[in-house]
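Undergrad: First the structure, then my questions, so here it is.
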Amino acid sequence: MCTQSNLIGILKLVLVVIGCASRVTGNEPVEVTLTRGPYLQLGSPDSISIVWRTVGKSQPAVHFGLDYTNLDHTVPATSIVVRTAPKVDESAGPLSLHSAPDGTYQYEATITGLEPDTRYYYSISDGTKQLAGGDANHFFRTHPLRGSSRSTRVWVVGDSGTGDARQAAVHNAMRGYVEKQNKPLDLYLHVGDMAYPKGTDAEFQTNFFDVYQPTIRNTVCWASMGNHEGQTSKGLLGIGPYYDAYICPKRAEAGGLPSTTEAFYSFDFANVHFVCLDSHDLDRKPAGIMAHWLRADLEKANTDWIVAYWHHPPYTKGSHDSDKEEALIEMRELIMPIIEAGGVDLVLTGHSHIYERSMLIDGAYQTPTIADGVVLDDGDGDPNGDGPYRKSKGLHAHQGTVQVVTGNGGAKVSRMGTSPVMKRVIVEYGSVLLDIDGDTLVGSMINRAGDRSDLFSIVKQGTVVPKVIASPKTLPPYTVAANRPKISPSEMTPFPKNTITVVKPNSEWDYLVNATPSPSWTSVSFIPSDESGWKTGTTGIGYGDSDDITDLKDMKNSYTAVYARKDFELAPGTKEKLSELGLAIAYDDGFIAYLNGNEVLRVGVKTGPDGKIKDVKSHEADGYEYFALPNAIQYLNNDENILSVEGHNDSLDSSDFSLDPYLIAVPKD
Amino acid sequence: MIVKPTLRHCKACRFVYFVFALCPIEVPSAAFGHDSPATVISQLTAIMADKGVSAELFFRRASEFRAIRYYHRAAYDLTQALAIDNNMVAARLELARLQLQEIGNQHRSKSDNPLSRDPLETIASLTTHEDQAVRTAAIALRGEIHLARQHWEEAANDFTQALSIESNLSWCLWRAEAQMQLGLVDEAIEGLESAHAITQSPVVRRQLCDIYLEAAMKTRLEDKTHGRFPSEDSYLEQASKIIKDELFNNRLKSSWRIRSGKLHMLYGESQKAREEFSEALEELSARLETPNPDPALVQDRITAQSLLAECTQQSR
């Protein structure tokens with residue numbers, strides 16, 4: 001039968017090439033450079049994979065042991081699979097990487113026969129020359145035995161792959177939080193979009209591996225594919241940079257049932273069963289293979305907890321709308337019934353650039369999503385607030401699921417509304433830490449400043465009879481527009497024609513009042529934190545005249561300056577296509593504007609800044625005025641940018657103040 | 001600022017067409033990567049108005065329309081893309097997939113809509129395409145169309161042809177389904193056993209078990225008339241092994257209890273069959289305690305109730 005013969009052929013080829021890999025010897029001397037990793041993949045109670053890349057052919061070796069000063073075990077060469085860039089060896093077949101730089105060799109070393117729940121140190125080498133490790137920073141911990149009730153910490157991040165300061169801040173904030181608590185990660189789940197914009201090999205390098213190296217050398221990242229990776233990788237065939245980067249279980253190597261594909265899979269860690277689905281490019285229909293496998297996998301799962309994760313959220317009103325988009329609707333209408341009938345406790349997703357967390361819900365499959373008849377607990381789930389969500393001990397169908405959308409790992413966050421089933425909606429960069437200990441699961445959203453922005457818990461004890469709340473307490477509807485007169489462009493300063501709006505009017509800005517900002521507050525790398533007084537508000541910001549959305553009731557007679565900053569993204573190649581950048585602004589009285597830390601415009605303010613603002617000229621806001629920003633285009637970055645504006649009142653007792661800017665651009669043609 | 005779809009004609013990308021054959025696509029995007037489909041559509045529409053149309057732009061917009069379930073608009077844009085570039089393989093396959101969705105739709109589109117046209121006609125030119133990957137994708141998709149129309153022989157042949165070039169579990173399962181409809185029991189079992197031996201897929205294992213049971217049933221019926229299938233015991237033995245194993249290992253057992261009940265019925269053990277169906281129904285009732293249950297479980301309950309009634313009637 002053809003299927004069998006094809007697969008057997010592939011297996012034979014794998015064996016042949018593995019054999020070849022073990023004979024890597026004595027070619028012309030080439031300088032070997034470590035270009036990726038080492039990082040961990042596919043952990044289990046008795047095995048793990050260590051992956052790294054070099055440019056230049058090496059003699060790969062892995063040493064490991066219980067003490068980093070004595071790495072007394074060596075991985076047999078036959079356990080190291082060598083994969084090569086397409087041009088290195090065109091006959092490599094399935095061991096060819098999809099699209100790595102010329103001269104790239106990828107090594108995938110599988111270590112077996114390990115003790116469960118044990119920390120091992122490791123090093124990787126080219127022959128006798130050590131490339132990395134052999135120190136206290138390179139270690140892994142094997143999974144505990146399946147079913148054991150060991151405290152487990154999981155990091156969950158989504159939509160992070162920008163490679164910019166926001167992504168780094170979210171990562172660093174998590175690491176700082178974990179270090180402060182002295183409770184290390186056991187697992188890392190990525191819910192997709194880890195390499196913007198197209199998931200190319202180069203984007204994986206700069207936007208995933210370079211950023212997360214300190215974490216992934218110690219913790220396995222269990223990935224799910226996002227739509228951006230889906231532009232270059234294909235789930236049905238398991239080809240592309242995404243599938244080059246990850247080794248996911250196809251044959252139930254770490255628990256669960258064989259999926260026969262790396263696109264969806266499951267694994268166990270202690271008393272938790274994890275299920276990863278491909279919501280992007282596989283059939284989501286109930287009769288499809290993924291749905292059939294999911295049913296079978298959940299029927300077999302027999303742990304205390306089940307956590308499922310994938311990219312497209314069933315419930316969101318962040319940067320995407322789950323009532324309107326097919327992938328999101330299908331995950332809700334077609335997959336969620338299987339998930340909840342199988343006893344899943346928690347669903348983690350991304351795609352929508354926001355943090356949203358639901359109440360305890362069940363059966364919310366209809367479109368549009370409504371809260372009536374689906375909420376089992378409308379509290380906030382906070383152990384310090386309304387108390388944790390409660391479920392019966394063990395796994396039970398339809399006892400409620402908590403949904404977490406954590407697409408706030410780096411890509412620009414935004415919000416278009418409120419999903420009726422959500423209890424928390426936070427437009428803030430961050431990621432999620434899960435702590436599962438016995439019968440208790442605790443979820444925390446850690447923002448990029450390292451603060452906990454949300455806390456919820458599920459406790460599974462005794463027998464709980466689920467009951468639908470008749471009139472659940474839902475969040476108020478989200479409204480952007482405020483009751484204020486519409487501000488029109490001023491006739492005094494003509495606007496150019498055919499413009500593109502880069503930063504929209506009346507959008508959300510970070511702002512600081514009644515304080516002196518850090519000297520770096522206008523730079524991309526600066527992180528506005530709650531602790532240092534930064535807030536978020538919709539422009540215009542000010543008081544008096546009833547023309548502002550964010551009302552500064554305490555400004556009069558208290559302070560004269562407002563500092564505001566707004567991040568925005570530009571696709572690569574965009575700035576080259578612009579002929580002019582301009583600021584549209586309604587202001588009262590003066591302001592200084594900065595682009596990525598560079599002053600680009602000053603109006604009505606003679607001296608300063610640095611807290612020495614003087615001679616502010618009085619000016620009444622009378623519509624949006626246009627100011628071209630000559631030479632500002634040179635300051636634009638690909639991807640993340642920051643527009644900052646400091647507004648100044650001419651006196652403490654002024655009757656009003658306004659700061660209402662937006663940014664536009666004129667394309668060359 | 002538009003980036004063209006990355007369906008390049010490189011060696012690796014040829015395989016992309018296999019993907020088109022199996023499921024609807026999401027087309028590559030870069031500049032609009034973080035925006036919602038509605039926003040991207042308005043941006044693309046503005047660019048088309050400003051700079052003129054192209055096959056790529058129509059294709060790109062079609063995928064966004066598809067993402068928000070505007071299938072008619074998606075089909076229209078794909079037709080426009082093909083009007084500009086008749087050789088655009090991706091657009092042709094995607095249009096055929098949209099048309100395939102319409103098969104069996106009682107509220108079919110009007111005849112002047114591209115959605116209502118015959119998908120076989122849409123992909124006809126691709127089934128003889130010079131590129132093997134494109135050809136295979138089109139043949140597999142044709143098999144899916146035949147399957148939806150219950151043209152079993154054509155479907156089985158197409159999947160066999162596609163499988164001779166590329167391994168794929170879905171094609172394997174669909175071929176077995178068509179073969180069973182044609183009465184080609186041994187062929188269906190052989191294909192699934194081979195696939196299961198290699199993959200250990202639980203999905204294949206389930207279908208295989210169902211086919212063993214169905215084959216045993218057919219054998220019994222055929223034995224009475226023609227005596228063509230002498231291997232009923234063998235089928236039952238194979239099914240029994242799988243069922244016992246799954247009942248031992250699974251937390252949720254209802255679907256396997258139903259299979260076990262069927263097995264007992266075939267062995268003439270009505271009492272044991274009734275017990276299995278009753279236990280299956282008990283478990284199902286807990287899993288169906290929701291206003292919007294999993295349709296597969298609802299179907300299981302209907303099956304268990306029906307077989308339980310049949311058993312009870314037999315024992316009387």
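Following the order of the structure tokens, chains are lettered A, B, ..., residues in each are numbered from 1, and ligands are numbered from 1.
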Wanna dump the chain A-chain B contacts at 6 Å for me, each residue with its shortest atom pair and the distance in Å to one decimal, counting only C-alpha atoms, ordered by chain and number, as CSV?

TA:
residue,atom,partner,partner_atom,distance
A:Cys2,CA,B:Ser164,CA,5.2
A:Thr3,CA,B:Ser167,CA,4.9
A:Gln4,CA,B:Ser194,CA,5.8
A:Pro197,CA,B:Ala30,CA,5.5
A:Gln231,CA,B:Pro28,CA,4.6
A:Pro258,CA,B:Ser201,CA,5.7
A:Thr260,CA,B:Thr199,CA,5.9
A:Asp283,CA,B:Cys23,CA,6.0
A:Trp293,CA,B:Val203,CA,5.7
A:Glu299,CA,B:Leu252,CA,4.6
A:Lys300,CA,B:Asn250,CA,4.2
A:His320,CA,B:Ser36,CA,5.5
A:Lys324,CA,B:Ile68,CA,5.5
A:Glu325,CA,B:Ile68,CA,4.3
A:Glu326,CA,B:Ala67,CA,4.9
A:Pro337,CA,B:Asp294,CA,4.7
A:Ile338,CA,B:Asp294,CA,5.7
A:Ala341,CA,B:Arg287,CA,5.5
A:Gly363,CA,B:Asn292,CA,5.6
A:Ala397,CA,B:Arg287,CA,5.3
A:Ala571,CA,B:Ala31,CA,5.3

Undergrad: Go ahead and dump the residues you just picked, all heavy atoms, as a short mmCIF file (atom, residue, chain, number, x, y, z; two decimals), in the first residue's frame.

TA:
data_model
loop_
_atom_site.label_atom_id
_atom_site.label_comp_id
_atom_site.auth_asym_id
_atom_site.auth_seq_id
_atom_site.Cartn_x
_atom_site.Cartn_y
_atom_site.Cartn_z
N CYS A 2 0.46 2.19 -0.79
CA CYS A 2 1.33 3.31 -1.06
C CYS A 2 1.72 4.10 0.19
O CYS A 2 2.85 4.51 0.36
CB CYS A 2 0.65 4.23 -2.04
SG CYS A 2 -0.99 4.62 -1.52
N THR A 3 0.77 4.31 1.07
CA THR A 3 1.05 5.10 2.28
C THR A 3 2.18 4.45 3.07
O THR A 3 3.12 5.09 3.50
CB THR A 3 -0.21 5.18 3.14
OG1 THR A 3 -1.23 5.72 2.36
CG2 THR A 3 0.03 6.07 4.34
N GLN A 4 2.05 3.14 3.21
CA GLN A 4 3.04 2.42 3.98
C GLN A 4 4.41 2.51 3.31
O GLN A 4 5.41 2.81 3.95
CB GLN A 4 2.62 0.95 4.10
CG GLN A 4 3.55 0.16 4.99
CD GLN A 4 3.09 -1.27 5.12
OE1 GLN A 4 2.51 -1.81 4.18
NE2 GLN A 4 3.34 -1.86 6.24
N PRO A 197 7.18 39.26 10.60
CA PRO A 197 5.78 39.21 10.18
C PRO A 197 5.40 37.90 9.48
O PRO A 197 4.23 37.58 9.40
CB PRO A 197 5.68 40.38 9.18
CG PRO A 197 7.04 40.51 8.62
CD PRO A 197 8.01 40.09 9.70
N GLN A 231 2.36 31.64 7.36
CA GLN A 231 2.67 32.18 6.04
C GLN A 231 3.84 31.46 5.39
O GLN A 231 4.02 31.51 4.18
CB GLN A 231 2.97 33.68 6.15
CG GLN A 231 1.75 34.46 6.60
CD GLN A 231 2.02 35.93 6.75
OE1 GLN A 231 2.91 36.47 6.12
NE2 GLN A 231 1.25 36.60 7.57
N PRO A 258 -0.90 9.34 20.07
CA PRO A 258 -0.18 9.77 18.86
C PRO A 258 -1.07 10.59 17.95
O PRO A 258 -2.19 10.19 17.65
CB PRO A 258 0.20 8.45 18.18
CG PRO A 258 0.01 7.39 19.20
CD PRO A 258 -1.03 7.88 20.15
N THR A 260 0.30 11.77 15.03
CA THR A 260 0.98 11.53 13.75
C THR A 260 1.43 12.82 13.08
O THR A 260 1.88 12.79 11.94
CB THR A 260 0.13 10.72 12.74
OG1 THR A 260 -0.88 11.57 12.20
CG2 THR A 260 -0.52 9.50 13.41
N ASP A 283 -8.22 21.40 9.19
CA ASP A 283 -9.66 21.29 9.21
C ASP A 283 -10.17 21.31 10.65
O ASP A 283 -9.74 20.51 11.48
CB ASP A 283 -10.04 19.96 8.53
CG ASP A 283 -11.53 19.83 8.31
OD1 ASP A 283 -12.28 20.72 8.77
OD2 ASP A 283 -11.95 18.85 7.68
N TRP A 293 -9.10 13.13 16.68
CA TRP A 293 -7.96 12.85 17.58
C TRP A 293 -8.21 13.49 18.94
O TRP A 293 -7.95 12.88 19.98
CB TRP A 293 -6.66 13.39 16.96
CG TRP A 293 -5.53 13.33 17.94
CD1 TRP A 293 -4.72 12.27 18.20
CD2 TRP A 293 -5.11 14.39 18.82
NE1 TRP A 293 -3.83 12.59 19.19
CE2 TRP A 293 -4.04 13.87 19.59
CE3 TRP A 293 -5.53 15.70 19.04
CZ2 TRP A 293 -3.38 14.64 20.55
CZ3 TRP A 293 -4.88 16.46 20.00
CH2 TRP A 293 -3.82 15.93 20.74
N GLU A 299 -10.66 11.45 25.85
CA GLU A 299 -11.28 10.26 26.44
C GLU A 299 -10.26 9.45 27.24
O GLU A 299 -10.59 8.81 28.23
CB GLU A 299 -11.91 9.39 25.36
CG GLU A 299 -13.21 9.97 24.83
CD GLU A 299 -13.78 9.17 23.66
OE1 GLU A 299 -13.23 8.09 23.35
OE2 GLU A 299 -14.75 9.64 23.05
N LYS A 300 -9.03 9.52 26.81
CA LYS A 300 -8.00 8.74 27.50
C LYS A 300 -7.36 9.51 28.66
O LYS A 300 -6.93 8.90 29.65
CB LYS A 300 -6.92 8.31 26.51
CG LYS A 300 -5.99 7.26 27.10
CD LYS A 300 -4.91 6.83 26.16
CE LYS A 300 -3.98 5.86 26.86
NZ LYS A 300 -2.76 5.63 26.10
N HIS A 320 -8.99 41.43 17.45
CA HIS A 320 -9.83 40.59 16.58
C HIS A 320 -11.19 40.38 17.25
O HIS A 320 -11.33 40.55 18.45
CB HIS A 320 -9.14 39.24 16.33
CG HIS A 320 -7.96 39.37 15.42
ND1 HIS A 320 -8.05 39.28 14.05
CD2 HIS A 320 -6.65 39.59 15.69
CE1 HIS A 320 -6.85 39.44 13.51
NE2 HIS A 320 -5.97 39.64 14.49
N LYS A 324 -16.91 37.41 14.36
CA LYS A 324 -16.90 37.71 12.92
C LYS A 324 -15.90 36.92 12.11
O LYS A 324 -15.99 36.87 10.88
CB LYS A 324 -16.62 39.21 12.73
CG LYS A 324 -17.76 40.08 13.22
CD LYS A 324 -17.50 41.53 12.95
CE LYS A 324 -18.69 42.37 13.42
NZ LYS A 324 -18.38 43.79 13.46
N GLU A 325 -14.91 36.34 12.74
CA GLU A 325 -13.83 35.71 11.96
C GLU A 325 -13.94 34.19 12.01
O GLU A 325 -14.13 33.60 13.07
CB GLU A 325 -12.48 36.19 12.49
CG GLU A 325 -12.32 37.70 12.31
CD GLU A 325 -11.07 38.25 12.98
OE1 GLU A 325 -10.03 37.58 12.95
OE2 GLU A 325 -11.16 39.34 13.57
N GLU A 326 -13.78 33.60 10.83
CA GLU A 326 -14.09 32.18 10.67
C GLU A 326 -13.32 31.25 11.61
O GLU A 326 -13.90 30.38 12.26
CB GLU A 326 -13.80 31.78 9.22
CG GLU A 326 -14.13 30.34 8.92
CD GLU A 326 -13.88 30.00 7.48
OE1 GLU A 326 -12.71 30.10 7.05
OE2 GLU A 326 -14.83 29.66 6.77
N PRO A 337 -17.19 22.46 21.99
CA PRO A 337 -18.05 21.38 22.53
C PRO A 337 -17.27 20.11 22.86
O PRO A 337 -17.56 19.43 23.84
CB PRO A 337 -19.05 21.13 21.39
CG PRO A 337 -19.11 22.41 20.64
CD PRO A 337 -17.72 22.98 20.71
N ILE A 338 -16.26 19.80 22.08
CA ILE A 338 -15.44 18.61 22.36
C ILE A 338 -14.58 18.86 23.58
O ILE A 338 -14.44 17.99 24.45
CB ILE A 338 -14.56 18.28 21.13
CG1 ILE A 338 -15.41 18.11 19.88
CG2 ILE A 338 -13.72 17.03 21.40
CD1 ILE A 338 -14.61 17.98 18.59
N ALA A 341 -16.83 18.81 26.74
CA ALA A 341 -17.34 17.45 27.01
C ALA A 341 -16.21 16.54 27.48
O ALA A 341 -16.46 15.50 28.09
CB ALA A 341 -17.99 16.88 25.76
N GLY A 363 -20.54 25.89 27.62
CA GLY A 363 -21.56 25.82 26.57
C GLY A 363 -21.77 27.10 25.79
O GLY A 363 -22.80 27.25 25.13
N ALA A 397 -17.06 16.49 32.69
CA ALA A 397 -17.59 17.26 31.56
C ALA A 397 -18.43 18.42 32.06
O ALA A 397 -19.14 18.29 33.06
CB ALA A 397 -18.43 16.35 30.68
N ALA A 571 5.32 48.60 8.90
CA ALA A 571 5.84 47.43 8.22
C ALA A 571 7.19 47.77 7.58
O ALA A 571 7.40 48.92 7.16
CB ALA A 571 4.86 46.95 7.16
#

Undergrad: Might you pull out every residue within 12 Å of Tyr212 of chain B, with only C-alpha atoms counted and same-chain residues fewer than 5 positions away left off, and present them as a VMD selection string?

TA: chain B and resid 176 180 185 to 186 188 to 190 192 to 193 205 to 207 217 to 219 231 to 243 259 262 to 263 266

Undergrad: Extract, using only C-alpha atoms, all DNA, RNA and protein residues at most 9 Å from Leu57 of chain B, discarding same-chain residues fewer than 3 positions from it, and format them as a tab-separated table (two decimals) with C-alpha atoms, in the first residue's frame.

TA:
chain	number	residue	atom	x	y	z
B	2	ILE	CA	1.49	44.87	-0.34
B	4	LYS	CA	2.77	39.24	-2.78
B	44	LEU	CA	-6.91	46.42	0.03
B	45	THR	CA	-10.00	47.98	-1.49
B	47	ILE	CA	-5.24	50.24	-2.78
B	48	MET	CA	-7.19	48.67	-5.65
B	53	VAL	CA	-6.33	45.72	-9.46
B	54	SER	CA	-4.20	42.61	-9.80
B	60	ARG	CA	-5.50	38.42	-1.00
B	61	ARG	CA	-8.83	40.10	-0.47
B	62	ALA	CA	-10.68	36.85	-1.15
B	77	ASP	CA	-12.77	37.92	-5.94
B	81	ALA	CA	-8.24	36.85	-9.92

Undergrad: List the neighbours of Glu275 of chain B out to 8 Å using only C-alpha atoms; skip same-chain residues closer than 4 positions along the sequence, and give me the result as a ChimeraX atom specification.

TA: /B:261,271,279

Undergrad: Those residues you just picked out, can you put them in a file as a compact mmCIF listing (two decimals), in the first residue's frame with all heavy atoms?

TA:
# COMPACT_ATOMS: atom_id res chain seq x y z
N GLY B 261 -20.94 -3.19 22.77
CA GLY B 261 -22.32 -3.67 22.67
C GLY B 261 -22.60 -4.25 21.30
O GLY B 261 -23.22 -5.32 21.17
N GLN B 271 -27.82 -9.84 26.47
CA GLN B 271 -27.78 -9.30 27.82
C GLN B 271 -26.54 -8.42 28.01
O GLN B 271 -26.60 -7.31 28.51
CB GLN B 271 -27.81 -10.44 28.83
CG GLN B 271 -27.74 -9.99 30.29
CD GLN B 271 -28.85 -9.01 30.67
OE1 GLN B 271 -29.98 -9.09 30.15
NE2 GLN B 271 -28.53 -8.06 31.55
N GLU B 279 -24.65 1.33 30.12
CA GLU B 279 -23.53 2.06 30.75
C GLU B 279 -23.07 3.22 29.87
O GLU B 279 -22.70 4.29 30.37
CB GLU B 279 -22.37 1.10 31.03
CG GLU B 279 -22.67 0.18 32.21
CD GLU B 279 -21.43 -0.52 32.72
OE1 GLU B 279 -20.39 0.15 32.83
OE2 GLU B 279 -21.50 -1.74 32.96

Undergrad: For segment 618-626 of chain A, work out the shell of residues within 10 Å, counting only C-alpha atoms and skipping chain neighbours fewer than 3 positions away, then give it as a short mmCIF file (atom, residue, chain, number, x, y, z; two decimals) with C-alpha atoms, in the first residue's frame.

TA:
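Output below, filename around.cif:
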data_model
loop_
_atom_site.label_atom_id
_atom_site.label_comp_id
_atom_site.auth_asym_id
_atom_site.auth_seq_id
_atom_site.Cartn_x
_atom_site.Cartn_y
_atom_site.Cartn_z
CA LYS A 486 -16.23 66.85 17.33
CA ILE A 487 -12.92 68.52 16.64
CA SER A 488 -12.36 69.42 12.99
CA PRO A 489 -9.19 70.37 11.12
CA SER A 490 -8.35 74.00 11.52
CA GLU A 491 -8.58 76.17 8.41
CA MET A 492 -5.51 78.07 9.54
CA THR A 493 -3.10 75.24 8.71
CA PRO A 494 -4.06 73.37 5.50
CA PHE A 495 -3.68 69.61 5.62
CA PRO A 496 -1.96 67.79 2.74
CA PRO A 505 -6.98 60.56 16.64
CA ASP A 545 -13.75 73.81 27.63
CA ASP A 547 -13.25 69.33 24.67
CA GLY A 582 3.11 65.52 9.89
CA LEU A 583 1.55 66.12 13.27
CA ALA A 584 -2.09 67.08 13.56
CA ILE A 585 -2.77 68.51 16.97
CA ALA A 586 -5.31 70.47 18.95
CA TYR A 587 -3.33 72.09 21.75
CA ASP A 588 -3.50 74.56 24.58
CA ASP A 589 -0.99 76.13 25.22
CA GLY A 590 2.36 74.80 23.93
CA VAL A 603 5.42 75.07 19.34
CA GLY A 604 4.85 77.79 21.92
CA VAL A 605 7.63 76.63 24.22
CA ASP A 615 8.05 81.20 28.32
CA LEU A 629 7.75 67.42 10.46
CA HIS A 648 2.58 72.74 28.72
CA ASN A 649 0.10 75.18 30.16
CA ASP A 650 1.13 78.82 30.32
CA SER A 651 0.16 79.11 33.98
CA SER A 654 -5.10 78.63 33.50
CA ASP A 656 -8.04 75.07 30.41
CA PHE A 657 -5.47 72.76 28.88
CA SER A 658 -5.58 70.42 25.86
CA LEU A 659 -3.28 67.92 24.26
CA ASP A 660 -4.90 66.07 21.38
CA PRO A 661 -2.37 64.89 18.75
CA TYR A 662 -2.35 62.36 15.95
CA LEU A 663 0.18 61.48 13.27
CA ILE A 664 -0.26 61.39 9.52
#

Undergrad: Step one, run DSSP on the backbone; step two, keep only residues of segment 134-307 of chain B assigned to alpha helix (DSSP H); then write them as a PyMOL selection string.

TA: chain B and resi 134-148+152-163+169-181+185-199+202-225+232-249+254-266+270-287+295-307

Undergrad: Report the distance between atom CA of Arg97 of chain B and atom CA of Met194 of chain A in Å, rounded to one decimal place.

TA: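 A separation of 29.3 Å between them.
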
Undergrad: Quick one: everything within 12 Å of Glu144 of chain B, counting only C-alpha atoms, minus sequence neighbours fewer than 6 positions away in the same chain. Send it as a VMD selection string.

TA: chain B and resid 21 to 23 96 to 97 99 to 101 103 119 to 120 137 to 138 150 to 159 162 170 to 175 177 to 178

Undergrad: How would you write, as a ChimeraX atom specification, the set of residues in segment 259-498 of chain A that DSSP gives as strand (DSSP E or B)?

TA: /A:265-269,272-276,305-309,317,321,346-349,355-358,360-361,375-377,389-391,401-406,422-426,430-437,440-447,452-460,489

Undergrad: Please produce an output containing C-alpha atoms for each residue in the selection, written as a tab-separated table (two decimals), in the first residue's frame.

TA:
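Final file, result_28.tsv:
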chain	number	residue	atom	x	y	z
A	265	TYR	CA	-0.31	16.99	19.96
A	266	SER	CA	-0.62	16.35	23.66
A	267	PHE	CA	1.70	15.64	26.57
A	268	ASP	CA	1.62	15.15	30.31
A	269	PHE	CA	3.48	16.95	33.04
A	272	VAL	CA	-1.63	17.96	34.14
A	273	HIS	CA	-2.49	16.91	30.59
A	274	PHE	CA	-1.71	19.54	27.94
A	275	VAL	CA	-3.38	19.57	24.54
A	276	CYS	CA	-2.13	21.73	21.67
A	305	TRP	CA	-6.14	18.84	35.19
A	306	ILE	CA	-6.42	19.39	31.44
A	307	VAL	CA	-5.12	22.57	29.84
A	308	ALA	CA	-5.70	23.17	26.11
A	309	TYR	CA	-4.03	25.83	23.99
A	317	LYS	CA	-12.93	41.60	21.32
A	321	ASP	CA	-13.52	39.79	16.88
A	346	LEU	CA	-8.44	26.01	31.03
A	347	VAL	CA	-8.08	27.24	27.43
A	348	LEU	CA	-5.15	29.48	26.49
A	349	THR	CA	-5.05	31.40	23.21
A	355	TYR	CA	-5.27	40.19	27.73
A	356	GLU	CA	-8.79	38.88	28.31
A	357	ARG	CA	-9.85	36.38	30.97
A	358	SER	CA	-13.29	34.88	31.29
A	360	LEU	CA	-16.17	30.17	34.66
A	361	ILE	CA	-18.25	29.33	31.60
A	375	VAL	CA	-21.88	31.40	33.12
A	376	LEU	CA	-21.38	29.00	36.02
A	377	ASP	CA	-19.58	31.49	38.25
A	389	TYR	CA	-13.79	29.20	40.77
A	390	ARG	CA	-14.81	25.83	42.19
A	391	LYS	CA	-15.13	22.51	40.37
A	401	THR	CA	-13.78	26.34	31.60
A	402	VAL	CA	-11.76	29.51	32.06
A	403	GLN	CA	-10.64	31.17	28.83
A	404	VAL	CA	-7.47	33.25	28.73
A	405	VAL	CA	-6.44	35.29	25.70
A	406	THR	CA	-2.82	36.29	26.12
A	422	MET	CA	-14.92	38.08	30.01
A	423	LYS	CA	-14.22	39.15	33.58
A	424	ARG	CA	-10.94	40.93	32.94
A	425	VAL	CA	-9.95	42.92	29.87
A	426	ILE	CA	-6.54	44.52	30.11
A	430	GLY	CA	2.40	41.02	29.45
A	431	SER	CA	2.24	37.26	29.77
A	432	VAL	CA	0.68	34.64	32.00
A	433	LEU	CA	2.13	32.44	34.72
A	434	LEU	CA	0.20	29.35	35.74
A	435	ASP	CA	0.89	27.63	39.03
A	436	ILE	CA	-0.73	24.25	39.45
A	437	ASP	CA	-0.36	22.58	42.78
A	440	THR	CA	-5.43	24.35	42.86
A	441	LEU	CA	-4.61	26.23	39.67
A	442	VAL	CA	-3.58	29.88	39.90
A	443	GLY	CA	-3.21	32.17	36.89
A	444	SER	CA	-1.41	35.51	37.01
A	445	MET	CA	-0.98	38.08	34.27
A	446	ILE	CA	2.39	39.74	34.70
A	447	ASN	CA	2.63	43.03	32.82
A	452	ARG	CA	0.61	41.33	38.52
A	453	SER	CA	-2.36	42.76	36.63
A	454	ASP	CA	-4.75	39.85	37.06
A	455	LEU	CA	-5.09	36.92	39.40
A	456	PHE	CA	-7.54	34.05	39.20
A	457	SER	CA	-7.77	30.57	40.63
A	458	ILE	CA	-9.62	27.31	40.09
A	459	VAL	CA	-9.95	24.88	42.97
A	460	LYS	CA	-11.12	21.29	42.42
A	489	PRO	CA	-9.19	70.37	11.12

Undergrad: Show which residues sit within 8 Å of Arg92 of chain B, as a PyMOL selection string. Count only C-alpha atoms, and ignore same-chain residues fewer than 3 positions away.

TA: chain B and resi 78+82+88-89+95-96+122-123

Undergrad: Could the residues in this selection be saved with N, CA and C atoms as a tab-separated table (two decimals), in the first residue's frame?

TA:
chain	number	residue	atom	x	y	z
B	78	LEU	N	-12.08	35.61	-6.22
B	78	LEU	CA	-11.26	34.56	-6.82
B	78	LEU	C	-11.53	34.45	-8.31
B	82	LEU	N	-8.84	34.96	-11.31
B	82	LEU	CA	-8.63	34.02	-12.42
B	82	LEU	C	-8.88	34.69	-13.77
B	88	MET	N	-3.50	30.94	-12.24
B	88	MET	CA	-3.24	31.09	-10.81
B	88	MET	C	-3.80	29.86	-10.06
B	89	VAL	N	-2.91	28.92	-9.82
B	89	VAL	CA	-3.32	27.63	-9.25
B	89	VAL	C	-4.01	27.80	-7.91
B	95	LEU	N	-11.08	28.44	-5.01
B	95	LEU	CA	-12.45	28.61	-5.51
B	95	LEU	C	-13.18	27.26	-5.50
B	96	ALA	N	-12.48	26.22	-5.93
B	96	ALA	CA	-13.11	24.89	-5.93
B	96	ALA	C	-13.48	24.45	-4.52
B	122	THR	N	-14.15	23.65	-12.21
B	122	THR	CA	-13.15	24.63	-11.79
B	122	THR	C	-11.75	24.03	-11.76
B	123	ILE	N	-11.65	22.78	-11.27
B	123	ILE	CA	-10.30	22.21	-11.13
B	123	ILE	C	-9.93	21.25	-12.26
